[in-house]
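Asker: Data file target08.txt (compact mmCIF, C-alpha atoms and all ligand atoms) is appended below.
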# COMPACT_ATOMS: atom_id res chain seq x y z
CA MET A 1 -33.58 -21.49 -31.50
CA THR A 2 -36.58 -20.31 -29.52
CA ILE A 3 -39.86 -18.65 -30.31
CA PRO A 4 -42.63 -17.54 -27.98
CA SER A 5 -44.37 -20.61 -26.58
CA ASN A 6 -47.69 -18.99 -25.69
CA LYS A 7 -48.77 -18.79 -29.33
CA LYS A 8 -51.06 -21.26 -31.05
CA LEU A 9 -50.32 -22.09 -34.65
CA ILE A 10 -52.89 -23.97 -36.71
CA VAL A 11 -51.18 -26.27 -39.19
CA GLY A 12 -53.68 -27.11 -41.90
CA ILE A 13 -52.89 -30.13 -44.05
CA THR A 14 -54.60 -30.57 -47.41
CA GLY A 15 -54.58 -33.46 -49.88
CA GLY A 16 -51.28 -33.94 -51.67
CA ILE A 17 -48.35 -36.31 -51.55
CA ALA A 18 -46.33 -33.63 -49.70
CA ALA A 19 -48.68 -34.24 -46.73
CA TYR A 20 -46.10 -36.70 -45.41
CA LYS A 21 -43.65 -33.79 -45.02
CA ALA A 22 -46.18 -32.04 -42.77
CA ALA A 23 -45.43 -34.70 -40.15
CA GLU A 24 -41.79 -33.61 -39.97
CA LEU A 25 -42.84 -29.95 -39.96
CA VAL A 26 -45.16 -30.50 -36.99
CA ARG A 27 -42.37 -32.33 -35.16
CA LEU A 28 -39.94 -29.44 -35.77
CA LEU A 29 -42.48 -26.84 -34.66
CA THR A 30 -43.45 -28.63 -31.45
CA ARG A 31 -39.75 -29.10 -30.65
CA GLN A 32 -39.43 -25.32 -30.78
CA GLY A 33 -42.15 -25.04 -28.16
CA VAL A 34 -44.84 -23.90 -30.61
CA ASP A 35 -48.36 -24.86 -29.56
CA VAL A 36 -49.53 -26.60 -32.75
CA GLN A 37 -53.13 -27.51 -33.53
CA VAL A 38 -53.41 -29.72 -36.59
CA VAL A 39 -56.48 -29.55 -38.83
CA MET A 40 -56.69 -31.91 -41.81
CA THR A 41 -58.97 -32.01 -44.83
CA GLU A 42 -60.68 -35.23 -45.82
CA SER A 43 -58.29 -35.80 -48.71
CA ALA A 44 -55.23 -35.11 -46.50
CA CYS A 45 -56.39 -38.08 -44.38
CA ARG A 46 -56.02 -40.30 -47.46
CA PHE A 47 -52.30 -39.47 -47.64
CA ILE A 48 -51.41 -39.55 -43.93
CA THR A 49 -53.45 -40.51 -40.89
CA PRO A 50 -54.58 -38.08 -38.18
CA VAL A 51 -53.13 -40.54 -35.62
CA THR A 52 -49.59 -39.72 -36.81
CA LEU A 53 -50.21 -35.99 -36.49
CA GLN A 54 -51.90 -36.45 -33.13
CA ALA A 55 -48.84 -38.28 -31.81
CA LEU A 56 -46.48 -35.61 -33.12
CA SER A 57 -48.48 -32.58 -31.96
CA GLY A 58 -49.62 -34.18 -28.71
CA LYS A 59 -53.22 -33.10 -29.38
CA PRO A 60 -56.34 -34.47 -31.06
CA VAL A 61 -56.46 -33.56 -34.74
CA PHE A 62 -59.58 -31.85 -36.12
CA THR A 63 -60.87 -33.07 -39.46
CA ASP A 64 -64.63 -32.67 -39.47
CA LEU A 65 -66.83 -29.59 -39.60
CA TRP A 66 -69.70 -31.61 -38.13
CA SER A 67 -67.83 -33.25 -35.27
CA ASP A 68 -69.39 -32.60 -31.85
CA SER A 69 -66.03 -32.78 -30.03
CA ALA A 70 -65.66 -28.97 -29.94
CA GLY A 71 -67.79 -27.77 -27.01
CA SER A 72 -70.12 -25.20 -28.57
CA GLY A 73 -70.44 -26.99 -31.88
CA MET A 74 -68.68 -24.10 -33.58
CA ALA A 75 -65.19 -25.60 -33.86
CA HIS A 76 -64.24 -23.38 -36.79
CA ILE A 77 -64.93 -20.18 -34.85
CA GLU A 78 -63.26 -21.40 -31.66
CA LEU A 79 -60.18 -22.63 -33.49
CA ALA A 80 -59.86 -19.44 -35.56
CA ARG A 81 -60.24 -17.32 -32.42
CA ASP A 82 -57.46 -19.17 -30.57
CA ALA A 83 -54.92 -19.04 -33.42
CA ASP A 84 -52.21 -16.42 -33.78
CA ALA A 85 -51.36 -17.72 -37.27
CA ILE A 86 -52.50 -20.41 -39.69
CA LEU A 87 -50.09 -22.30 -41.92
CA ILE A 88 -51.46 -24.50 -44.71
CA ALA A 89 -48.78 -27.05 -45.65
CA PRO A 90 -49.15 -28.54 -48.14
CA ALA A 91 -51.65 -26.22 -49.78
CA SER A 92 -53.17 -28.04 -52.77
CA ALA A 93 -54.30 -26.27 -55.96
CA ASN A 94 -57.89 -27.05 -54.98
CA PHE A 95 -57.53 -25.57 -51.51
CA LEU A 96 -55.84 -22.42 -52.86
CA ALA A 97 -58.78 -22.02 -55.26
CA LYS A 98 -61.22 -22.38 -52.36
CA LEU A 99 -59.32 -19.78 -50.32
CA THR A 100 -59.26 -17.37 -53.24
CA HIS A 101 -63.03 -17.48 -53.57
CA GLY A 102 -63.83 -17.52 -49.87
CA MET A 103 -65.45 -20.94 -50.00
CA ALA A 104 -66.21 -22.71 -46.74
CA ASP A 105 -67.20 -26.28 -47.43
CA ASP A 106 -64.95 -28.02 -44.91
CA LEU A 107 -63.54 -27.30 -41.44
CA LEU A 108 -60.15 -25.94 -42.59
CA ALA A 109 -61.67 -23.61 -45.20
CA ASN A 110 -64.14 -22.37 -42.56
CA ILE A 111 -61.33 -21.63 -40.11
CA CYS A 112 -59.43 -19.71 -42.80
CA LEU A 113 -62.50 -17.64 -43.62
CA ALA A 114 -63.28 -16.96 -39.95
CA ARG A 115 -59.71 -15.96 -39.02
CA SER A 116 -58.39 -12.58 -37.97
CA CYS A 117 -54.75 -13.77 -37.81
CA PRO A 118 -52.10 -14.05 -40.58
CA LEU A 119 -52.49 -16.89 -43.08
CA LEU A 120 -49.44 -18.57 -44.61
CA VAL A 121 -49.68 -21.12 -47.41
CA ALA A 122 -47.03 -23.51 -48.72
CA PRO A 123 -48.26 -24.60 -52.17
CA ALA A 124 -47.44 -28.12 -53.34
CA MET A 125 -48.61 -29.54 -56.65
CA ASN A 126 -47.59 -30.88 -60.02
CA VAL A 127 -45.73 -28.38 -62.23
CA GLN A 128 -48.54 -28.18 -64.82
CA MET A 129 -51.09 -27.48 -62.10
CA TRP A 130 -48.82 -24.76 -60.68
CA ASP A 131 -48.23 -23.20 -64.11
CA ASN A 132 -51.93 -23.26 -64.98
CA PRO A 133 -53.21 -19.68 -65.38
CA ALA A 134 -56.05 -20.44 -62.95
CA THR A 135 -53.59 -21.31 -60.18
CA GLN A 136 -51.39 -18.32 -61.01
CA ARG A 137 -54.45 -16.02 -60.90
CA ASN A 138 -55.42 -17.49 -57.54
CA ILE A 139 -51.93 -17.04 -56.10
CA ALA A 140 -51.79 -13.42 -57.28
CA GLN A 141 -55.21 -12.74 -55.72
CA LEU A 142 -54.25 -14.42 -52.44
CA LYS A 143 -51.11 -12.26 -52.26
CA ARG A 144 -53.25 -9.16 -52.86
CA ASP A 145 -55.49 -10.33 -50.01
CA GLY A 146 -52.47 -10.38 -47.69
CA VAL A 147 -51.90 -14.15 -47.64
CA ILE A 148 -48.20 -15.01 -47.26
CA VAL A 149 -47.16 -17.49 -49.94
CA LEU A 150 -44.12 -19.62 -49.00
CA GLY A 151 -42.53 -21.23 -52.06
CA PRO A 152 -43.04 -23.45 -53.89
CA ASP A 153 -39.62 -24.77 -54.81
CA SER A 154 -38.57 -26.28 -58.09
CA GLY A 155 -37.10 -29.74 -58.53
CA GLU A 156 -38.04 -33.35 -59.02
CA GLN A 157 -41.69 -34.14 -58.23
CA ALA A 158 -43.40 -37.25 -56.91
CA CYS A 159 -45.13 -37.70 -60.30
CA GLY A 160 -41.75 -37.80 -62.09
CA ASP A 161 -42.03 -34.28 -63.58
CA VAL A 162 -39.39 -31.67 -62.88
CA GLY A 163 -40.24 -28.02 -62.24
CA MET A 164 -41.97 -25.61 -59.89
CA GLY A 165 -44.46 -27.01 -57.42
CA ARG A 166 -42.46 -28.89 -54.78
CA MET A 167 -43.37 -27.90 -51.26
CA LEU A 168 -40.52 -26.16 -49.43
CA GLU A 169 -38.64 -28.47 -47.08
CA PRO A 170 -39.91 -28.59 -43.47
CA GLU A 171 -36.72 -26.92 -42.11
CA THR A 172 -37.17 -24.02 -44.53
CA LEU A 173 -40.85 -23.68 -43.65
CA LEU A 174 -39.94 -23.64 -39.97
CA GLU A 175 -37.45 -20.80 -40.62
CA LEU A 176 -40.03 -18.82 -42.59
CA VAL A 177 -42.82 -19.35 -40.07
CA ILE A 178 -40.57 -18.17 -37.25
CA ALA A 179 -39.46 -15.20 -39.38
CA SER A 180 -43.07 -14.21 -40.05
CA ARG A 181 -43.61 -13.91 -36.30
CA GLN A 182 -40.64 -11.61 -35.53
CA SER A 183 -41.07 -7.86 -35.36
CA LYS A 184 -39.89 -6.22 -38.57
CA LEU A 185 -37.43 -3.79 -37.00
CA LEU A 186 -35.15 -3.84 -40.04
CA ASN A 187 -37.80 -3.52 -42.72
CA GLY A 188 -36.34 -1.93 -45.84
CA LYS A 189 -32.76 -2.06 -44.49
CA LYS A 190 -29.88 -3.68 -46.34
CA VAL A 191 -27.53 -5.70 -44.15
CA LEU A 192 -24.11 -6.87 -45.30
CA LEU A 193 -22.19 -9.40 -43.21
CA THR A 194 -18.95 -11.32 -43.25
CA ALA A 195 -18.93 -14.76 -41.60
CA GLY A 196 -16.75 -17.79 -40.99
CA PRO A 197 -12.99 -18.14 -41.24
CA THR A 198 -10.76 -17.23 -44.15
CA PHE A 199 -8.33 -19.67 -45.75
CA GLU A 200 -4.95 -18.34 -46.86
CA ALA A 201 -3.22 -20.67 -49.31
CA MET A 202 0.34 -21.88 -48.68
CA ASP A 203 0.48 -24.11 -51.73
CA ALA A 204 -1.90 -25.96 -54.05
CA VAL A 205 -3.48 -27.98 -51.22
CA ARG A 206 -2.55 -26.41 -47.88
CA GLY A 207 -3.33 -23.19 -46.12
CA ILE A 208 -3.68 -21.19 -42.93
CA THR A 209 -7.14 -20.97 -41.38
CA ASN A 210 -8.84 -20.94 -37.97
CA LEU A 211 -11.59 -22.71 -36.03
CA SER A 212 -14.42 -20.24 -36.72
CA SER A 213 -17.59 -22.23 -37.54
CA GLY A 214 -19.56 -19.30 -39.01
CA LYS A 215 -22.47 -20.05 -36.63
CA MET A 216 -22.71 -16.52 -35.21
CA GLY A 217 -22.52 -14.84 -38.62
CA TYR A 218 -25.12 -17.19 -40.11
CA ALA A 219 -27.39 -16.67 -37.07
CA LEU A 220 -27.11 -12.90 -37.56
CA ALA A 221 -27.93 -13.24 -41.25
CA ARG A 222 -31.00 -15.26 -40.35
CA ALA A 223 -32.09 -12.88 -37.59
CA ALA A 224 -31.72 -9.91 -39.97
CA LEU A 225 -33.89 -11.68 -42.56
CA GLU A 226 -36.49 -12.43 -39.89
CA MET A 227 -36.58 -8.72 -39.03
CA GLY A 228 -37.32 -7.80 -42.63
CA ALA A 229 -33.84 -6.87 -43.90
CA GLU A 230 -32.35 -7.67 -47.29
CA VAL A 231 -29.24 -9.67 -46.47
CA THR A 232 -25.95 -10.22 -48.28
CA LEU A 233 -23.60 -12.68 -46.63
CA VAL A 234 -19.93 -12.81 -47.65
CA SER A 235 -18.90 -16.15 -46.27
CA GLY A 236 -15.59 -17.91 -45.81
CA PRO A 237 -15.50 -21.74 -46.04
CA VAL A 238 -18.01 -23.20 -43.54
CA ALA A 239 -20.16 -26.32 -43.32
CA LEU A 240 -23.48 -24.51 -42.80
CA ASN A 241 -26.59 -24.03 -44.93
CA PRO A 242 -27.24 -20.34 -45.48
CA PRO A 243 -30.61 -19.02 -44.31
CA HIS A 244 -33.38 -18.97 -46.90
CA GLY A 245 -33.50 -15.63 -48.71
CA ALA A 246 -29.91 -14.47 -48.09
CA LYS A 247 -27.69 -13.59 -51.04
CA VAL A 248 -24.49 -15.53 -50.39
CA ILE A 249 -21.06 -14.77 -51.82
CA HIS A 250 -18.65 -17.59 -51.14
CA VAL A 251 -15.01 -16.56 -50.70
CA THR A 252 -11.83 -18.19 -49.52
CA SER A 253 -9.18 -15.60 -48.65
CA ALA A 254 -9.37 -12.30 -46.76
CA ARG A 255 -8.62 -10.36 -49.93
CA GLN A 256 -11.52 -12.07 -51.73
CA MET A 257 -13.69 -11.27 -48.71
CA LEU A 258 -12.70 -7.61 -48.98
CA ASP A 259 -13.61 -7.60 -52.70
CA GLY A 260 -17.00 -9.20 -51.94
CA VAL A 261 -17.70 -6.61 -49.24
CA MET A 262 -16.58 -3.62 -51.30
CA ALA A 263 -18.79 -4.71 -54.21
CA HIS A 264 -21.88 -4.45 -51.98
CA VAL A 265 -21.04 -1.94 -49.29
CA LYS A 266 -22.22 1.20 -51.10
CA SER A 267 -25.90 0.30 -50.94
CA CYS A 268 -25.93 -1.22 -47.44
CA ASP A 269 -27.29 0.39 -44.27
CA ILE A 270 -25.64 -1.94 -41.75
CA PHE A 271 -22.31 -3.76 -42.02
CA ILE A 272 -21.47 -6.52 -39.54
CA GLY A 273 -17.96 -7.95 -39.52
CA VAL A 274 -18.39 -11.33 -37.89
CA ALA A 275 -15.76 -13.24 -39.87
CA ALA A 276 -12.59 -14.39 -38.16
CA VAL A 277 -10.37 -12.89 -40.83
CA ALA A 278 -6.78 -14.14 -40.92
CA ASP A 279 -4.39 -11.35 -39.97
CA TYR A 280 -1.78 -12.46 -42.53
CA HIS A 281 -1.55 -14.25 -45.85
CA VAL A 282 1.38 -16.07 -47.41
CA ARG A 283 3.39 -14.02 -49.88
CA ASN A 284 3.65 -15.89 -53.21
CA PRO A 285 2.02 -19.21 -52.27
CA ASN A 286 3.48 -22.15 -54.20
CA THR A 287 1.26 -23.13 -57.12
CA GLN A 288 2.34 -26.79 -56.71
CA LYS A 289 2.27 -28.96 -53.58
CA ILE A 290 5.38 -28.13 -51.51
CA LYS A 291 7.63 -31.22 -51.17
CA LYS A 292 9.02 -32.04 -47.73
CA ASN A 293 12.66 -31.96 -48.89
CA ALA A 294 13.94 -29.14 -46.74
CA LYS A 295 14.70 -29.49 -43.01
CA THR A 296 12.94 -26.24 -42.26
CA LEU A 297 10.38 -24.32 -44.22
CA THR A 298 9.99 -20.58 -44.01
CA LEU A 299 6.80 -18.86 -45.08
CA GLU A 300 6.75 -15.14 -45.50
CA LEU A 301 3.52 -13.71 -44.10
CA VAL A 302 2.21 -10.28 -45.05
CA PRO A 303 -0.69 -8.44 -43.40
CA ASN A 304 -4.24 -8.80 -44.69
CA PRO A 305 -6.47 -5.77 -45.13
CA ASP A 306 -8.69 -4.97 -42.13
CA ILE A 307 -12.08 -5.18 -43.84
CA LEU A 308 -14.11 -3.74 -40.99
CA ALA A 309 -11.73 -0.81 -40.43
CA LYS A 310 -11.80 -0.05 -44.15
CA VAL A 311 -15.61 -0.04 -44.24
CA ALA A 312 -15.81 2.12 -41.11
CA ALA A 313 -13.35 4.61 -42.68
CA LEU A 314 -15.43 5.11 -45.86
CA PRO A 315 -16.60 8.72 -46.38
CA LYS A 316 -20.24 7.66 -45.82
CA PRO A 317 -19.95 4.44 -43.82
CA PRO A 318 -22.91 2.19 -43.06
CA PHE A 319 -23.72 1.54 -39.39
CA CYS A 320 -20.75 -0.72 -38.53
CA ILE A 321 -20.86 -3.53 -36.00
CA GLY A 322 -17.68 -5.39 -35.08
CA PHE A 323 -16.95 -8.53 -33.14
CA ALA A 324 -14.06 -9.10 -30.78
CA ALA A 325 -13.03 -12.51 -29.56
CA GLU A 326 -10.55 -12.16 -26.71
CA SER A 327 -9.02 -14.71 -24.39
CA GLU A 328 -8.35 -12.21 -21.53
CA ASN A 329 -9.22 -8.64 -20.41
CA LEU A 330 -12.31 -8.95 -22.57
CA ARG A 331 -14.02 -5.64 -21.92
CA GLU A 332 -10.86 -3.52 -21.95
CA PHE A 333 -9.37 -5.01 -25.13
CA ALA A 334 -12.73 -4.99 -26.89
CA GLU A 335 -13.42 -1.33 -26.08
CA GLN A 336 -9.92 -0.44 -27.34
CA LYS A 337 -10.76 -2.26 -30.57
CA ARG A 338 -14.06 -0.41 -30.91
CA GLN A 339 -12.30 2.95 -30.52
CA ARG A 340 -9.44 2.00 -32.84
CA LYS A 341 -11.78 0.85 -35.62
CA ASN A 342 -14.20 3.73 -35.00
CA LEU A 343 -17.30 1.56 -34.52
CA PRO A 344 -20.61 2.63 -32.98
CA LEU A 345 -21.22 -0.92 -31.71
CA LEU A 346 -19.04 -3.92 -30.96
CA ALA A 347 -19.98 -7.36 -29.61
CA ALA A 348 -17.33 -9.00 -27.46
CA ASN A 349 -17.04 -12.59 -26.35
CA ARG A 350 -14.47 -14.87 -24.84
CA VAL A 351 -12.82 -17.08 -27.48
CA GLN A 352 -13.05 -20.10 -25.19
CA ASP A 353 -16.84 -19.58 -24.78
CA ALA A 354 -17.80 -18.97 -28.36
CA LEU A 355 -15.69 -20.77 -30.98
CA GLY A 356 -17.66 -23.49 -32.74
CA ARG A 357 -20.37 -23.58 -30.05
CA ASP A 358 -24.12 -23.28 -30.56
CA ASP A 359 -24.45 -20.84 -27.69
CA SER A 360 -22.39 -17.98 -26.30
CA GLU A 361 -22.62 -14.83 -24.22
CA LEU A 362 -21.90 -11.34 -25.47
CA ILE A 363 -21.04 -7.93 -24.11
CA LEU A 364 -22.30 -5.15 -26.35
CA LEU A 365 -20.15 -2.04 -26.21
CA ASP A 366 -21.34 1.32 -27.47
CA ASP A 367 -20.99 5.00 -26.49
CA ASP A 368 -23.38 4.42 -23.57
CA GLY A 369 -21.21 1.67 -22.05
CA ALA A 370 -21.59 -2.10 -21.76
CA HIS A 371 -24.71 -4.27 -22.03
CA LEU A 372 -24.50 -7.94 -21.12
CA LEU A 373 -26.37 -10.52 -23.17
CA PRO A 374 -26.37 -13.66 -20.97
CA ARG A 375 -25.59 -17.11 -22.33
CA ALA A 376 -28.12 -18.17 -24.94
CA PRO A 377 -28.29 -19.87 -28.34
CA LYS A 378 -26.51 -17.80 -30.99
CA LEU A 379 -29.78 -17.10 -32.84
CA THR A 380 -31.28 -15.59 -29.67
CA LEU A 381 -28.15 -13.44 -29.18
CA ALA A 382 -28.30 -12.42 -32.85
CA ARG A 383 -31.90 -11.22 -32.43
CA GLN A 384 -30.99 -9.30 -29.26
CA LEU A 385 -27.94 -7.71 -30.88
CA LEU A 386 -29.93 -6.60 -33.94
CA THR A 387 -32.76 -5.26 -31.76
CA HIS A 388 -30.13 -3.17 -29.93
CA ALA A 389 -28.63 -1.99 -33.25
CA ALA A 390 -32.10 -1.14 -34.62
CA SER A 391 -32.87 1.01 -31.60
CA MET A 392 -29.49 2.79 -31.94
CA LEU A 393 -30.27 3.44 -35.61
CA ALA A 394 -33.73 4.77 -34.77
CA ARG A 395 -32.24 7.14 -32.17
CA ARG A 396 -29.63 8.35 -34.68
CA LYS A 397 -32.34 9.03 -37.26
CA LYS A 398 -34.37 10.97 -34.70
CA SER A 399 -31.42 13.12 -33.62
CA SER A 400 -30.32 13.82 -37.22
CA ARG A 401 -33.91 14.90 -38.01
CA LYS A 402 -33.83 17.28 -35.02
CA LYS A 403 -30.54 18.84 -36.21
CA SER A 404 -31.78 19.48 -39.75
O1 LIG B 501 -8.65 -6.79 -34.98
P1 LIG B 501 -9.50 -8.00 -34.78
O2 LIG B 501 -9.24 -9.06 -35.79
O3 LIG B 501 -9.51 -8.56 -33.41
O4 LIG B 501 -10.99 -7.42 -35.01
C1 LIG B 501 -12.11 -8.23 -35.04
C2 LIG B 501 -13.19 -7.56 -35.84
O5 LIG B 501 -12.66 -7.00 -37.04
C3 LIG B 501 -14.22 -8.55 -36.32
O6 LIG B 501 -15.43 -7.84 -36.44
C4 LIG B 501 -13.67 -8.99 -37.68
O7 LIG B 501 -14.68 -9.48 -38.53
C5 LIG B 501 -13.06 -7.71 -38.20
N1 LIG B 501 -11.86 -7.90 -39.04
C6 LIG B 501 -11.91 -7.62 -40.41
N2 LIG B 501 -10.78 -7.76 -41.15
C7 LIG B 501 -9.62 -8.17 -40.61
C8 LIG B 501 -9.57 -8.48 -39.25
C9 LIG B 501 -10.71 -8.34 -38.48
O8 LIG B 501 -12.97 -7.25 -40.90
N3 LIG B 501 -8.56 -8.32 -41.36
I need this file expressed as structure tokens, please.
Ligand code: C5P

Answerer:
Amino acid sequence: MTIPSNKKLIVGITGGIAAYKAAELVRLLTRQGVDVQVVMTESACRFITPVTLQALSGKPVFTDLWSDSAGSGMAHIELARDADAILIAPASANFLAKLTHGMADDLLANICLARSCPLLVAPAMNVQMWDNPATQRNIAQLKRDGVIVLGPDSGEQACGDVGMGRMLEPETLLELVIASRQSKLLNGKKVLLTAGPTFEAMDAVRGITNLSSGKMGYALARAALEMGAEVTLVSGPVALNPPHGAKVIHVTSARQMLDGVMAHVKSCDIFIGVAAVADYHVRNPNTQKIKKNAKTLTLELVPNPDILAKVAALPKPPFCIGFAAESENLREFAEQKRQRKNLPLLAANRVQDALGRDDSELILLDDDGAHLLPRAPKLTLARQLLTHAASMLARRKKSSRKKS
């Protein structure tokens, strides 16, 4: 996963027990190449020391409005000017109240008031404090002011209570921060995807499946969310966490996958068939475990529906994107597949290069020919593929407007 490295993100830490999670968040962000400047409030320093954050961000941490370490003596203005976004994590109830009312009694609050860049807050507090009408009023006002509120989550809290108010986990915050910085090319679009392998039962415990990891499909779901789309992911059995914000429908067999797709396809704008769907299923799988009595065992296999071809053949199909994994004659076989399934866009890769790996390379095939996406992490490829699809969609819209 990569994000532009020339951007400076201010991570503001306020006073709450979740401050310890900010250390992990800063580590994850700096690993992604984000230039992080940590600013802590006085009470944050009671939960975790600036030294820890300095070590993790590789930079001195600012805590004091009156420090003379910033050249001109106007640290809040200089820091706000240099930032392309500010993330407050954790954001305490007190700090949210200060933000709501435009107060500026410490360095972090001053920076927030002096900013011209987006402000993201990750609230973290006890459930009663979160539910308090004052906090709810403040959150509603901050949203009206354009502040992006990330979370909170519900669950067990440090004080022993259970409910809303837990700060989102650092990995989730990282995902959301990165998403907030992507261009929203798919704003308002509904994207439906299939991902992972299917599993076709032979008996009560065994089945036929394949080595698809689901990584490409999950990366595409995440990239689509980042670009502002509403995402529904129909997923075969995989060992991956779905991206935050996706609606996930878990399925096992190809026929269940087809049902999941057909239930959502009507309202979608883009359909992406990434799943490695089994071509056949076992006719009448045994409901019990098959005993190994016989010398040979014959399974009768019958074809599975071709989900992508069915979607592309609908009277008003969404924009359909297919995948082709080939072991030889990649471009030729993939283009034949694109024509056969009647797809505007198909992404082809070599099976040997892609299966189960974190990176791959793709050839995009459309009516204009082939476009090579060189080897890169799957999330990078997913963003490139969706950018290509978004520009094809925009061109289609333009030409259909001209015709009418
Ligand atoms: O025909 P083939 O399986 O090679 O086509 C691959 C493409 O078709 C992928 O996009 C895959 O998700 C989709 N597909 C499908 N249903 C099938 C077989 C493939 O949606 N039964």

Asker: What residues of the protein or nucleic acid chains come within 6 Å of ligand LIG 501 (chain B) when you use only C-alpha atoms and all ligand atoms? Reply as a list in words.

Answerer: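 My answer, listing the contacting residues, is Gly273, Val274, Ala275, Ala276, Val277, Asp279, Asn304, Pro305, Asp306, Ile307, Leu308, Gly322, Phe323 and Ala324 of chain A.
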
Asker: Once you count all atoms listed in the file, what closest atom pair and distance in Å to one decimal does each residue of segment 142-218 of chain A within 12 Å of segment 375-395 of chain A have, with rows by chain and rising residue number, as a tab-separated table?

Answerer:
residue	atom	partner	partner_atom	distance
A:Glu175	CA	A:Leu379	CA	11.5
A:Ile178	CA	A:Leu379	CA	11.7
A:Ala179	CA	A:Arg383	CA	11.0
A:Gln182	CA	A:Arg383	CA	9.3
A:Ser183	CA	A:Thr387	CA	9.4
A:Lys184	CA	A:Thr387	CA	9.9
A:Leu185	CA	A:Ala390	CA	6.4
A:Leu186	CA	A:Ala390	CA	6.8
A:Asn187	CA	A:Ala390	CA	10.2
A:Lys189	CA	A:Ala390	CA	9.9
A:Val191	CA	A:Leu386	CA	10.5
A:Ser213	CA	A:Lys378	CA	11.9
A:Gly214	CA	A:Lys378	CA	10.7
A:Lys215	CA	A:Lys378	CA	7.3
A:Met216	CA	A:Lys378	CA	5.8
A:Gly217	CA	A:Ala382	CA	8.5
A:Tyr218	CA	A:Leu379	CA	8.6

Asker: Figure out the distance between atom CA of Ile363 of chain A and atom CA of Glu335 of chain A, please, to one decimal in Å.

Answerer: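 Atom-to-atom, atom CA of Glu335 of chain A and atom CA of Ile363 of chain A are spaced 10.3 Å apart.
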
Asker: What is the atom CA of Cys159 of chain A to atom CA of Met125 of chain A distance in Å?

Answerer: 9.6 Å

Asker: Between atom CA of Leu65 of chain A and atom CA of Ile48 of chain A, what is the distance in Å, rounded to a tenth?

Answerer: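 Atom CA of Ile48 of chain A lies at a distance of 18.9 Å from atom CA of Leu65 of chain A.
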
Asker: Within 6 Å of Ala204 of chain A, counting all atoms listed in the file, which residues qualify if same-chain residues fewer than 3 places away don't, as a PyMOL selection string?

Answerer: chain A and resi 287-289

Asker: Keeping only C-alpha atoms, take the residues you just selected and write them out as a PDB file, in the frame of the given file.

Answerer:
ATOM      1  CA  THR A 287       1.260 -23.130 -57.120  1.00  0.00           C
ATOM      2  CA  GLN A 288       2.340 -26.790 -56.710  1.00  0.00           C
ATOM      3  CA  LYS A 289       2.270 -28.960 -53.580  1.00  0.00           C
TER       4      LYS A 289
END

Asker: Listed atoms of segment 181-187 of chain A, axis-aligned box, 5 Å per side: centre and edge lengths to one decimal in Å, as AutoDock Vina command-line options?

Answerer:
--center_x -39.4 --center_y -8.7 --center_z -39.0 --size_x 18.5 --size_y 20.4 --size_z 17.4

Asker: Using all atoms listed in the file, pick whichever of A:Val162, A:Cys117, A:Leu225, A:Met167 has the shortest atom-to-atom distance to Pro242 of chain A.

Answerer: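 Among the listed residues, the smallest separation from Pro242 of chain A belongs to A:Leu225.
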
Asker: What's the 10 Å shell around Asp106 of chain A, counting all atoms listed in the file, without same-chain residues fewer than 5 positions away, as a list in words?

Answerer: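 Close residues of Asp106 of chain A: Met40, Thr41, Glu42, Thr63, Asp64, Leu65, Trp66, His76 and Ile111 of chain A.
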
Asker: From the options A:Ala254, A:Ile249, A:Cys268, A:Leu365, which residue's atoms come nearest to Val282 of chain A, counting all atoms listed in the file?

Answerer: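 Answer, going by the shortest atom-to-atom distance: A:Ala254.
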
Asker: Point out the residue among A:Ala91, A:Ala75, A:Leu345, A:Val265 with the least atom-to-atom distance to Lys310 of chain A, counting only C-alpha atoms.

Answerer: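 Of the candidates, the smallest distance to Lys310 of chain A is held by A:Val265.
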
Asker: Quick one: everything within 9 Å of Ala80 of chain A, counting only C-alpha atoms, minus sequence neighbours fewer than 3 positions away in the same chain. Send it as a ChimeraX atom specification.

Answerer: /A:10,75-77,83-86,110-117
